[in-house]
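Report on one structure; see the data block that follows.
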Amino acid sequence: MTAISFQSVSKAYPSPKSSKNSESGSTFLALDGVSLDIQEGEFFGLLGPNGAGKTTMISVLAGLTRATSGRVSVLGHDVQTDFAAARRSLGVVPQELVFDPFFNVRELLHIQSGYFGVKNNGAWIDELLERLGLADKANANMRQLSGGMKRRVLVAQALVHKPPVIVLDEPTAGVDVELRQTLWQFIAKLNREGHTVLLTTHYLEEAEALCGRIAMLKTGRIVALDKTSDLLKAASSNVLRFKLDEELPKALADKARITGRIVQFPANDALEIERYLAAVREAGLVAHDIEIRKADLEDVFLDVMAQNKGSVHATGVSA
């Protein structure tokens, strides 16, 4: 059975009046005809740069905003016409740290259980608190928690009614390594038990390790959709990686991916690797810690984004 279905979904917003290119009555398309099916039991990744439309998709899925056109369903329940069943099937961890400052952690989880009509939920709440490293914070007021601890509570709230479909919107943003490891072990366990997981993240190593299939979104459109393994196979080139203490000449820098001192070039064969290293030597630079590695999901992602240099989509339809 299909767990999540997007069928020709578009979402339009009024274009900013300050935009020089905007016309009276024109709209900005945050989503532009998105179609996507996620099957029950999948661990699915939704990737894209900031502003690509990922959070808009999740907001439409969760019923927080209404699509301009198209249909969205959760386990066959339309998110608009059968909204109660669709909401009960979903557990959403949002990007923003939204919390009620007047209750402690355990009280919040009991209240969240009540929203979904779940009674006698104490044993599952205790397990969530233990699994997410919140047991010693169970009686702490939310205002007393650090940002990372607040995010753990958001995860617990999303899971408290044992939803069959779990949506994680940047769940590890700004949290420590220990929580990331703990969270993924727990979520992976739930996935093995049959829960469907939809993940958005900017940590592409997480998506590569966890997700069986991945969709890449840019300017409201899906520009790549495949099994993670097949996306990686399509990136046949290797990557030459080294460190530099000086800046590369512009002609070389335009071909490289540079992060601080780390320089990376896509290289198809040994001859191309030698050409890059020779060019670095001719520029009077010294490469340190040279290595050659296989392309990873970050390389694939950057290639896909570079191949789809689309601009924002505007229409003449009034909002």
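By order in the structure tokens, chains are A, B, ...; within a chain, residues start at 1; ligands start at 1, following the order shown.
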
(request) Could you find all residues in range 163-198 of chain A that DSSP calls helix (DSSP H, G or I) from the backbone, and write them as a list in words? (result) Val177, Glu178, Leu179, Arg180, Gln181, Thr182, Leu183, Trp184, Gln185, Phe186, Ile187, Ala188, Lys189, Leu190, Asn191 and Arg192 of chain A

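Here the residues within range 213-268 of chain A that DSSP labels strand (DSSP E) on the basis of the backbone are Arg213, Ile214, Ala215, Met216, Leu217, Lys218, Arg221, Ile222, Val223, Ala224, Leu225, Asp226, Lys227, Asn238, Val239, Leu240, Arg241, Phe242, Lys243, Arg257, Ile258, Thr259, Ile262, Val263, Gln264, Phe265, Pro266 and Ala267 of chain A.
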
Write the residues of the preceding selection, restricted to N, CA and C atoms, as a PDB file, in the first residue's frame.
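Saved result, selection_13.pdb, follows:
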```pdb
ATOM      1  N   ARG A 213      15.448   5.082  -0.897  1.00  0.00           N
ATOM      2  CA  ARG A 213      15.192   5.885  -2.094  1.00  0.00           C
ATOM      3  C   ARG A 213      15.285   7.353  -1.733  1.00  0.00           C
ATOM      4  N   ILE A 214      15.603   8.162  -2.745  1.00  0.00           N
ATOM      5  CA  ILE A 214      15.793   9.595  -2.520  1.00  0.00           C
ATOM      6  C   ILE A 214      15.181  10.379  -3.675  1.00  0.00           C
ATOM      7  N   ALA A 215      14.493  11.469  -3.326  1.00  0.00           N
ATOM      8  CA  ALA A 215      14.046  12.451  -4.315  1.00  0.00           C
ATOM      9  C   ALA A 215      14.801  13.752  -4.053  1.00  0.00           C
ATOM     10  N   MET A 216      15.220  14.405  -5.131  1.00  0.00           N
ATOM     11  CA  MET A 216      15.889  15.696  -5.018  1.00  0.00           C
ATOM     12  C   MET A 216      14.988  16.762  -5.613  1.00  0.00           C
ATOM     13  N   LEU A 217      14.806  17.816  -4.842  1.00  0.00           N
ATOM     14  CA  LEU A 217      13.865  18.881  -5.185  1.00  0.00           C
ATOM     15  C   LEU A 217      14.631  20.171  -5.435  1.00  0.00           C
ATOM     16  N   LYS A 218      14.212  20.888  -6.472  1.00  0.00           N
ATOM     17  CA  LYS A 218      14.797  22.206  -6.720  1.00  0.00           C
ATOM     18  C   LYS A 218      13.729  23.116  -7.302  1.00  0.00           C
ATOM     19  N   ARG A 221      10.318  21.594  -7.960  1.00  0.00           N
ATOM     20  CA  ARG A 221      10.176  20.469  -8.877  1.00  0.00           C
ATOM     21  C   ARG A 221      11.106  19.332  -8.481  1.00  0.00           C
ATOM     22  N   ILE A 222      10.675  18.103  -8.701  1.00  0.00           N
ATOM     23  CA  ILE A 222      11.546  16.953  -8.478  1.00  0.00           C
ATOM     24  C   ILE A 222      12.474  16.813  -9.681  1.00  0.00           C
ATOM     25  N   VAL A 223      13.788  16.887  -9.409  1.00  0.00           N
ATOM     26  CA  VAL A 223      14.772  16.830 -10.494  1.00  0.00           C
ATOM     27  C   VAL A 223      15.531  15.508 -10.503  1.00  0.00           C
ATOM     28  N   ALA A 224      15.357  14.688  -9.485  1.00  0.00           N
ATOM     29  CA  ALA A 224      15.951  13.345  -9.453  1.00  0.00           C
ATOM     30  C   ALA A 224      15.149  12.497  -8.486  1.00  0.00           C
ATOM     31  N   LEU A 225      14.921  11.237  -8.846  1.00  0.00           N
ATOM     32  CA  LEU A 225      14.188  10.309  -7.996  1.00  0.00           C
ATOM     33  C   LEU A 225      14.634   8.901  -8.334  1.00  0.00           C
ATOM     34  N   ASP A 226      15.286   8.223  -7.370  1.00  0.00           N
ATOM     35  CA  ASP A 226      15.790   6.880  -7.648  1.00  0.00           C
ATOM     36  C   ASP A 226      16.211   6.221  -6.342  1.00  0.00           C
ATOM     37  N   LYS A 227      16.546   4.935  -6.444  1.00  0.00           N
ATOM     38  CA  LYS A 227      17.167   4.255  -5.323  1.00  0.00           C
ATOM     39  C   LYS A 227      18.493   4.931  -5.005  1.00  0.00           C
ATOM     40  N   ASN A 238      35.528   9.320  -9.912  1.00  0.00           N
ATOM     41  CA  ASN A 238      36.144   9.388  -8.595  1.00  0.00           C
ATOM     42  C   ASN A 238      36.311  10.849  -8.206  1.00  0.00           C
ATOM     43  N   VAL A 239      36.791  11.074  -7.002  1.00  0.00           N
ATOM     44  CA  VAL A 239      37.021  12.435  -6.528  1.00  0.00           C
ATOM     45  C   VAL A 239      38.448  12.543  -6.013  1.00  0.00           C
ATOM     46  N   LEU A 240      39.186  13.507  -6.546  1.00  0.00           N
ATOM     47  CA  LEU A 240      40.524  13.840  -6.055  1.00  0.00           C
ATOM     48  C   LEU A 240      40.362  14.860  -4.931  1.00  0.00           C
ATOM     49  N   ARG A 241      40.904  14.544  -3.763  1.00  0.00           N
ATOM     50  CA  ARG A 241      40.731  15.400  -2.586  1.00  0.00           C
ATOM     51  C   ARG A 241      42.082  15.705  -1.972  1.00  0.00           C
ATOM     52  N   PHE A 242      42.327  16.969  -1.654  1.00  0.00           N
ATOM     53  CA  PHE A 242      43.572  17.349  -0.985  1.00  0.00           C
ATOM     54  C   PHE A 242      43.365  18.672  -0.263  1.00  0.00           C
ATOM     55  N   LYS A 243      44.391  19.079   0.491  1.00  0.00           N
ATOM     56  CA  LYS A 243      44.330  20.337   1.228  1.00  0.00           C
ATOM     57  C   LYS A 243      45.355  21.315   0.666  1.00  0.00           C
ATOM     58  N   ARG A 257      35.347  21.885  -5.952  1.00  0.00           N
ATOM     59  CA  ARG A 257      34.494  22.131  -4.791  1.00  0.00           C
ATOM     60  C   ARG A 257      35.431  22.420  -3.635  1.00  0.00           C
ATOM     61  N   ILE A 258      35.337  23.632  -3.073  1.00  0.00           N
ATOM     62  CA  ILE A 258      36.291  24.085  -2.056  1.00  0.00           C
ATOM     63  C   ILE A 258      35.560  24.334  -0.743  1.00  0.00           C
ATOM     64  N   THR A 259      36.042  23.703   0.318  1.00  0.00           N
ATOM     65  CA  THR A 259      35.508  23.900   1.659  1.00  0.00           C
ATOM     66  C   THR A 259      36.675  24.226   2.578  1.00  0.00           C
ATOM     67  N   ILE A 262      40.059  22.444   2.111  1.00  0.00           N
ATOM     68  CA  ILE A 262      39.857  21.196   1.372  1.00  0.00           C
ATOM     69  C   ILE A 262      39.400  21.489  -0.049  1.00  0.00           C
ATOM     70  N   VAL A 263      40.098  20.911  -1.007  1.00  0.00           N
ATOM     71  CA  VAL A 263      39.793  21.075  -2.436  1.00  0.00           C
ATOM     72  C   VAL A 263      39.440  19.712  -3.009  1.00  0.00           C
ATOM     73  N   GLN A 264      38.354  19.651  -3.802  1.00  0.00           N
ATOM     74  CA  GLN A 264      37.941  18.392  -4.399  1.00  0.00           C
ATOM     75  C   GLN A 264      37.623  18.593  -5.878  1.00  0.00           C
ATOM     76  N   PHE A 265      38.163  17.695  -6.725  1.00  0.00           N
ATOM     77  CA  PHE A 265      37.915  17.717  -8.155  1.00  0.00           C
ATOM     78  C   PHE A 265      37.283  16.390  -8.580  1.00  0.00           C
ATOM     79  N   PRO A 266      36.250  16.407  -9.421  1.00  0.00           N
ATOM     80  CA  PRO A 266      35.780  15.156 -10.026  1.00  0.00           C
ATOM     81  C   PRO A 266      36.817  14.667 -11.024  1.00  0.00           C
ATOM     82  N   ALA A 267      37.149  13.403 -10.984  1.00  0.00           N
ATOM     83  CA  ALA A 267      38.208  12.868 -11.848  1.00  0.00           C
ATOM     84  C   ALA A 267      37.788  11.504 -12.386  1.00  0.00           C
TER      85      ALA A 267
END
```

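You will find CA of Ala306 in chain A at 16.8 Å from CA of His202 in chain A.
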
Exercise: range 116-132 of chain A partners within 10 Å, only C-alpha atoms, chain neighbours under 6 positions left out, as a compact mmCIF listing (two decimals) with C-alpha atoms, in the first residue's frame:
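Written out: part.txt:
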```txt
# COMPACT_ATOMS: atom_id res chain seq x y z
CA ALA A 84 -8.73 13.32 10.87
CA ARG A 87 -3.48 13.32 10.92
CA ARG A 88 -3.72 10.23 13.13
CA VAL A 105 8.38 17.02 29.45
CA ARG A 106 6.25 14.14 30.74
CA LEU A 109 3.79 13.88 26.16
CA HIS A 110 0.64 12.95 28.08
CA ALA A 138 11.09 14.06 32.45
CA MET A 149 16.99 18.69 24.46
CA ARG A 152 14.49 15.52 21.48
CA VAL A 153 11.12 16.39 23.02
CA VAL A 155 10.76 13.87 18.35
CA ALA A 156 9.07 12.23 21.34
CA GLN A 157 5.89 14.25 20.72
CA LEU A 159 6.10 9.47 18.10
CA VAL A 160 3.90 9.43 21.20
CA HIS A 161 0.80 8.10 19.39
CA LYS A 162 2.83 5.44 17.49
CA LEU A 179 21.72 12.51 19.91
CA ARG A 180 22.13 11.98 16.18
CA THR A 182 20.72 7.68 19.38
CA LEU A 183 17.93 9.09 17.25
CA GLN A 185 19.24 3.91 15.95
CA PHE A 186 15.73 4.38 17.33
```

Closest atom pairs, range 6-73 of chain A residues within 10 Å of range 301-304 of chain A, only C-alpha atoms, as CSV:
```
residue,atom,partner,partner_atom,distance
A:Leu47,CA,A:Phe301,CA,8.3
A:Gly48,CA,A:Phe301,CA,8.2
A:Pro49,CA,A:Phe301,CA,9.6
```

Those residues with N, CA and C atoms, as a PDB file, in the first residue's frame please?
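Below you can see out-v1.pdb, which holds the result:
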```pdb
ATOM      1  N   LEU A  47      15.574  15.591  -0.477  1.00  0.00           N
ATOM      2  CA  LEU A  47      16.718  16.495  -0.390  1.00  0.00           C
ATOM      3  C   LEU A  47      16.524  17.695  -1.309  1.00  0.00           C
ATOM      4  N   GLY A  48      17.154  18.793  -0.941  1.00  0.00           N
ATOM      5  CA  GLY A  48      17.104  19.979  -1.777  1.00  0.00           C
ATOM      6  C   GLY A  48      17.734  21.150  -1.061  1.00  0.00           C
ATOM      7  N   PRO A  49      18.140  22.167  -1.801  1.00  0.00           N
ATOM      8  CA  PRO A  49      18.706  23.366  -1.171  1.00  0.00           C
ATOM      9  C   PRO A  49      17.628  24.140  -0.428  1.00  0.00           C
TER      10      PRO A  49
END
```

(message) Report as an MDAnalysis selection string all protein, DNA and RNA residues lying within 8 Å of Phe99 in chain A, evaluated on only C-alpha atoms, omitting residues in the same chain fewer than 2 positions from it.
(response) chainID A and resid 97 101 142 150 154

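Our summary of the geometry notes that CA of Lys11 in chain A is positioned 11.2 Å from CA of Arg71 in chain A.
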
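As for CA of Ile273 in chain A and CA of Glu206 in chain A, they are spaced 28.4 Å apart.
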
(request) Could you give me, as a ChimeraX atom specification, the residues within 10 Å of Asp296 in chain A, counting only C-alpha atoms and dropping anything in the same chain fewer than 5 positions from it? (result) /A:204-205,208,231-233,235,238-239,301

(message) Please determine, counting only C-alpha atoms, which residue among A:Asp78, A:Ile4, A:Gly220, A:His195 has the shortest atom-to-atom distance to Gly51 in chain A.
(response) A:Gly220
